[in-house]
$ cat start28.pdb   # PDB, C-alpha atoms
ATOM      1  CA  ILE M   4      58.062-143.752-200.110
ATOM      2  CA  PRO M   5      57.342-143.630-203.832
ATOM      3  CA  TYR M   6      53.679-143.914-204.768
ATOM      4  CA  PRO M   7      53.146-146.950-207.046
ATOM      5  CA  GLU M   8      52.389-145.662-210.564
ATOM      6  CA  SER M   9      49.556-148.127-211.178
ATOM      7  CA  ALA M  10      47.840-147.051-207.932
ATOM      8  CA  LYS M  11      48.330-143.379-208.777
ATOM      9  CA  GLU M  12      46.859-143.788-212.269
ATOM     10  CA  GLN M  13      43.771-145.488-210.793
ATOM     11  CA  ASN M  14      43.463-143.005-207.881
ATOM     12  CA  ILE M  15      43.848-145.818-205.352
ATOM     13  CA  GLU M  16      44.468-144.632-201.802
ATOM     14  CA  GLY M  17      45.078-146.621-198.650
ATOM     15  CA  HIS M  18      47.402-147.320-195.768
ATOM     16  CA  VAL M  19      49.959-149.800-194.505
ATOM     17  CA  THR M  20      50.705-150.524-190.840
ATOM     18  CA  VAL M  21      54.049-152.105-189.950
ATOM     19  CA  ASN M  22      56.178-152.996-186.950
ATOM     20  CA  ILE M  23      59.791-151.940-187.381
ATOM     21  CA  LEU M  24      62.647-153.355-185.313
ATOM     22  CA  VAL M  25      65.165-150.542-184.933
ATOM     23  CA  ASN M  26      68.548-151.876-183.814
ATOM     24  CA  LYS M  27      70.915-150.217-181.360
ATOM     25  CA  ASP M  28      72.737-148.495-184.252
ATOM     26  CA  GLY M  29      69.514-146.928-185.576
ATOM     27  CA  GLY M  30      69.218-149.240-188.584
ATOM     28  CA  VAL M  31      66.161-151.253-189.521
ATOM     29  CA  GLU M  32      66.675-154.893-188.598
ATOM     30  CA  GLN M  33      63.200-156.264-189.379
ATOM     31  CA  VAL M  34      59.917-155.059-190.820
ATOM     32  CA  LYS M  35      56.650-156.914-190.204
ATOM     33  CA  LEU M  36      53.507-156.086-192.157
ATOM     34  CA  LEU M  37      50.531-155.820-189.800
ATOM     35  CA  ASP M  38      47.779-154.438-192.039
ATOM     36  CA  SER M  39      47.304-153.022-195.518
ATOM     37  CA  VAL M  40      44.274-151.479-197.200
ATOM     38  CA  PRO M  41      43.742-152.293-199.994
ATOM     39  CA  GLU M  42      45.718-155.464-199.537
ATOM     40  CA  GLY M  43      48.808-155.920-201.708
ATOM     41  CA  ILE M  44      48.842-152.496-203.409
ATOM     42  CA  PHE M  45      51.356-150.620-201.220
ATOM     43  CA  ASP M  46      52.998-153.539-199.381
ATOM     44  CA  GLN M  47      56.162-154.105-201.418
ATOM     45  CA  VAL M  48      57.090-150.450-201.933
ATOM     46  CA  THR M  49      56.564-149.810-198.213
ATOM     47  CA  LEU M  50      58.651-152.763-197.035
ATOM     48  CA  SER M  51      61.542-152.099-199.405
ATOM     49  CA  SER M  52      61.623-148.375-198.592
ATOM     50  CA  ILE M  53      61.484-148.801-194.815
ATOM     51  CA  ARG M  54      64.491-151.133-194.872
ATOM     52  CA  THR M  55      66.619-148.137-195.959
ATOM     53  CA  TRP M  56      65.435-145.808-193.162
ATOM     54  CA  ARG M  57      67.657-144.656-190.294
ATOM     55  CA  PHE M  58      66.480-143.751-186.789
ATOM     56  CA  SER M  59      67.968-142.288-183.651
ATOM     57  CA  PRO M  60      68.516-145.391-181.510
ATOM     58  CA  ALA M  61      66.531-145.910-178.320
ATOM     59  CA  GLU M  62      68.391-145.593-175.057
ATOM     60  CA  TYR M  63      67.731-147.457-171.812
ATOM     61  CA  LYS M  64      69.825-146.927-168.667
ATOM     62  CA  GLY M  65      72.586-145.266-170.678
ATOM     63  CA  GLN M  66      72.814-148.055-173.268
ATOM     64  CA  PHE M  67      71.532-148.085-176.825
ATOM     65  CA  VAL M  68      68.955-150.854-177.296
ATOM     66  CA  SER M  69      66.860-152.394-180.054
ATOM     67  CA  VAL M  70      63.173-151.483-179.987
ATOM     68  CA  TRP M  71      60.012-152.260-181.962
ATOM     69  CA  VAL M  72      58.210-149.240-183.440
ATOM     70  CA  LYS M  73      54.685-149.366-184.877
ATOM     71  CA  GLN M  74      54.128-147.083-187.877
ATOM     72  CA  LYS M  75      51.045-146.418-190.013
ATOM     73  CA  LEU M  76      51.719-144.942-193.456
ATOM     74  CA  LYS M  77      48.898-143.333-195.411
ATOM     75  CA  PHE M  78      48.903-143.162-199.206
ATOM     76  CA  GLN M  79      46.825-140.362-200.732
ATOM     77  CA  VAL M  80      46.722-139.189-204.324
ATOM     78  CA  ASN M  81      47.349-135.437-204.527
TER      79      ASN M  81
END
$ encode --input "start28.pdb" --output "structure tokens"
Amino acid sequence: IPYPESAKEQNIEGHVTVNILVNKDGGVEQVKLLDSVPEGIFDQVTLSSIRTWRFSPAEYKGQFVSVWVKQKLKFQVN
């Protein structure tokens, strides 16, 4: 996920926690923002980036299924 330039220039660090609905093909079907600190700084870049991610689909009783995954992403200036 690209670090927002304005946050990098101001040495702003934080985190974003999201729920991701991974469909049975491994694509991202939905992303729900649960928490962000500081609020509004990393939200948009996180949501737009996650929508392009691919996962190995979950399997239940031999069938691929959709599943919610909770993910916390930390942003730190290096």
$ closest_residue --input "start28.pdb" --among "M:Glu8, M:Gln13, M:Val72, M:Ile23" --to "M:Thr55" --atoms "only C-alpha atoms"
M:Ile23
$ atom_distance --input "start28.pdb" --atom1 "atom CA of M:Arg57" --atom2 "atom CA of M:Asn22"
14.6 Å
$ resolve_selection --input "start28.pdb" --expression "the PyMOL selection byres ((chain M and resi 35) around 9)" --output "ChimeraX atom specification"
/M:20-24,33-34,36-37,50
$ resolve_selection --input "start28.pdb" --expression "the PyMOL selection byres ((chain M and resi 44) around 9)" --output "JSON, numbers by chain"
{"M": [7, 9, 10, 15, 17, 39, 40, 41, 42, 43, 45, 46, 47, 48]}
$ closest_residue --input "start28.pdb" --among "M:Glu16, M:Lys27, M:Lys64, M:Ile4" --to "M:Val80" --atoms "only C-alpha atoms"
M:Glu16
$ residues_around --input "start28.pdb" --residues "stretch 58-60 of chain M" --least-positions-apart "6" --cutoff "7 Å" --atoms "all atoms listed in the file" --output "PDB file with C-alpha atoms, keeping the file's coordinate frame"
ATOM      1  CA  ASN M  26      68.548-151.876-183.814  1.00  0.00           C
ATOM      2  CA  LYS M  27      70.915-150.217-181.360  1.00  0.00           C
ATOM      3  CA  ASP M  28      72.737-148.495-184.252  1.00  0.00           C
ATOM      4  CA  GLY M  29      69.514-146.928-185.576  1.00  0.00           C
ATOM      5  CA  GLY M  30      69.218-149.240-188.584  1.00  0.00           C
ATOM      6  CA  PHE M  67      71.532-148.085-176.825  1.00  0.00           C
ATOM      7  CA  VAL M  68      68.955-150.854-177.296  1.00  0.00           C
TER       8      VAL M  68
END
$ atom_distance --input "start28.pdb" --atom1 "atom CA of M:Phe78" --atom2 "atom CA of M:His18"
5.6 Å
$ axis_aligned_box --input "start28.pdb" --around "stretch 51-63 of chain M" --padding-each-side "3 Å" --output "AutoDock Vina command-line options"
--center_x 65.0 --center_y -147.2 --center_z -185.6 --size_x 13.0 --size_y 15.8 --size_z 33.6
$ atom_distance --input "start28.pdb" --atom1 "atom CA of M:Asn81" --atom2 "atom CA of M:Tyr6"
10.6 Å
$ closest_residue --input "start28.pdb" --among "M:Ala61, M:Glu12, M:Ser51, M:Val19" --to "M:Lys75" --atoms "all atoms listed in the file"
M:Val19
$ build_atoms --input "start28.pdb" --residues "stretch 19-45 of chain M" --atoms "N, CA and C atoms" --output "mmCIF file, keeping the file's coordinate frame"
data_model
loop_
_atom_site.group_PDB
_atom_site.id
_atom_site.type_symbol
_atom_site.label_atom_id
_atom_site.label_comp_id
_atom_site.auth_asym_id
_atom_site.auth_seq_id
_atom_site.Cartn_x
_atom_site.Cartn_y
_atom_site.Cartn_z
ATOM 1 N N VAL M 19 49.221 -148.606 -194.900
ATOM 2 C CA VAL M 19 49.959 -149.800 -194.505
ATOM 3 C C VAL M 19 50.421 -149.582 -193.071
ATOM 4 N N THR M 20 50.227 -150.582 -192.217
ATOM 5 C CA THR M 20 50.705 -150.524 -190.840
ATOM 6 C C THR M 20 51.779 -151.594 -190.672
ATOM 7 N N VAL M 21 52.917 -151.191 -190.111
ATOM 8 C CA VAL M 21 54.049 -152.105 -189.950
ATOM 9 C C VAL M 21 54.630 -151.988 -188.550
ATOM 10 N N ASN M 22 55.305 -153.037 -188.118
ATOM 11 C CA ASN M 22 56.178 -152.996 -186.950
ATOM 12 C C ASN M 22 57.602 -152.982 -187.479
ATOM 13 N N ILE M 23 58.405 -152.097 -186.941
ATOM 14 C CA ILE M 23 59.791 -151.940 -187.381
ATOM 15 C C ILE M 23 60.701 -152.208 -186.190
ATOM 16 N N LEU M 24 61.651 -153.120 -186.354
ATOM 17 C CA LEU M 24 62.647 -153.355 -185.313
ATOM 18 C C LEU M 24 63.852 -152.477 -185.617
ATOM 19 N N VAL M 25 64.033 -151.455 -184.785
ATOM 20 C CA VAL M 25 65.165 -150.542 -184.933
ATOM 21 C C VAL M 25 66.279 -151.059 -184.031
ATOM 22 N N ASN M 26 67.448 -151.330 -184.615
ATOM 23 C CA ASN M 26 68.548 -151.876 -183.814
ATOM 24 C C ASN M 26 69.277 -150.774 -183.051
ATOM 25 N N LYS M 27 70.242 -151.174 -182.233
ATOM 26 C CA LYS M 27 70.915 -150.217 -181.360
ATOM 27 C C LYS M 27 71.803 -149.226 -182.117
ATOM 28 N N ASP M 28 72.001 -149.448 -183.423
ATOM 29 C CA ASP M 28 72.737 -148.495 -184.252
ATOM 30 C C ASP M 28 71.805 -147.560 -185.016
ATOM 31 N N GLY M 29 70.486 -147.764 -184.884
ATOM 32 C CA GLY M 29 69.514 -146.928 -185.576
ATOM 33 C C GLY M 29 69.084 -147.460 -186.927
ATOM 34 N N GLY M 30 69.601 -148.626 -187.316
ATOM 35 C CA GLY M 30 69.218 -149.240 -188.584
ATOM 36 C C GLY M 30 67.973 -150.096 -188.423
ATOM 37 N N VAL M 31 67.353 -150.409 -189.530
ATOM 38 C CA VAL M 31 66.161 -151.253 -189.521
ATOM 39 C C VAL M 31 66.605 -152.707 -189.636
ATOM 40 N N GLU M 32 66.286 -153.482 -188.621
ATOM 41 C CA GLU M 32 66.675 -154.893 -188.598
ATOM 42 C C GLU M 32 65.590 -155.788 -189.189
ATOM 43 N N GLN M 33 64.328 -155.487 -188.865
ATOM 44 C CA GLN M 33 63.200 -156.264 -189.379
ATOM 45 C C GLN M 33 62.019 -155.346 -189.622
ATOM 46 N N VAL M 34 61.177 -155.751 -190.577
ATOM 47 C CA VAL M 34 59.917 -155.059 -190.820
ATOM 48 C C VAL M 34 58.842 -156.127 -190.941
ATOM 49 N N LYS M 35 57.766 -155.968 -190.157
ATOM 50 C CA LYS M 35 56.650 -156.914 -190.204
ATOM 51 C C LYS M 35 55.393 -156.165 -190.634
ATOM 52 N N LEU M 36 54.754 -156.662 -191.666
ATOM 53 C CA LEU M 36 53.507 -156.086 -192.157
ATOM 54 C C LEU M 36 52.368 -156.510 -191.237
ATOM 55 N N LEU M 37 51.653 -155.531 -190.693
ATOM 56 C CA LEU M 37 50.531 -155.820 -189.800
ATOM 57 C C LEU M 37 49.194 -155.710 -190.509
ATOM 58 N N ASP M 38 49.061 -154.711 -191.396
ATOM 59 C CA ASP M 38 47.779 -154.438 -192.039
ATOM 60 C C ASP M 38 48.031 -153.622 -193.296
ATOM 61 N N SER M 39 47.232 -153.865 -194.328
ATOM 62 C CA SER M 39 47.304 -153.022 -195.518
ATOM 63 C C SER M 39 45.931 -152.953 -196.170
ATOM 64 N N VAL M 40 45.563 -151.738 -196.559
ATOM 65 C CA VAL M 40 44.274 -151.479 -197.200
ATOM 66 C C VAL M 40 44.510 -150.552 -198.378
ATOM 67 N N PRO M 41 44.149 -150.952 -199.592
ATOM 68 C CA PRO M 41 43.742 -152.293 -199.994
ATOM 69 C C PRO M 41 44.941 -153.248 -199.973
ATOM 70 N N GLU M 42 44.668 -154.464 -199.700
ATOM 71 C CA GLU M 42 45.718 -155.464 -199.537
ATOM 72 C C GLU M 42 46.555 -155.627 -200.801
ATOM 73 N N GLY M 43 47.885 -155.624 -200.618
ATOM 74 C CA GLY M 43 48.808 -155.920 -201.708
ATOM 75 C C GLY M 43 49.192 -154.761 -202.607
ATOM 76 N N ILE M 44 48.552 -153.607 -202.500
ATOM 77 C CA ILE M 44 48.842 -152.496 -203.409
ATOM 78 C C ILE M 44 50.102 -151.742 -203.001
ATOM 79 N N PHE M 45 50.243 -151.440 -201.704
ATOM 80 C CA PHE M 45 51.356 -150.620 -201.220
ATOM 81 C C PHE M 45 52.379 -151.417 -200.413
#
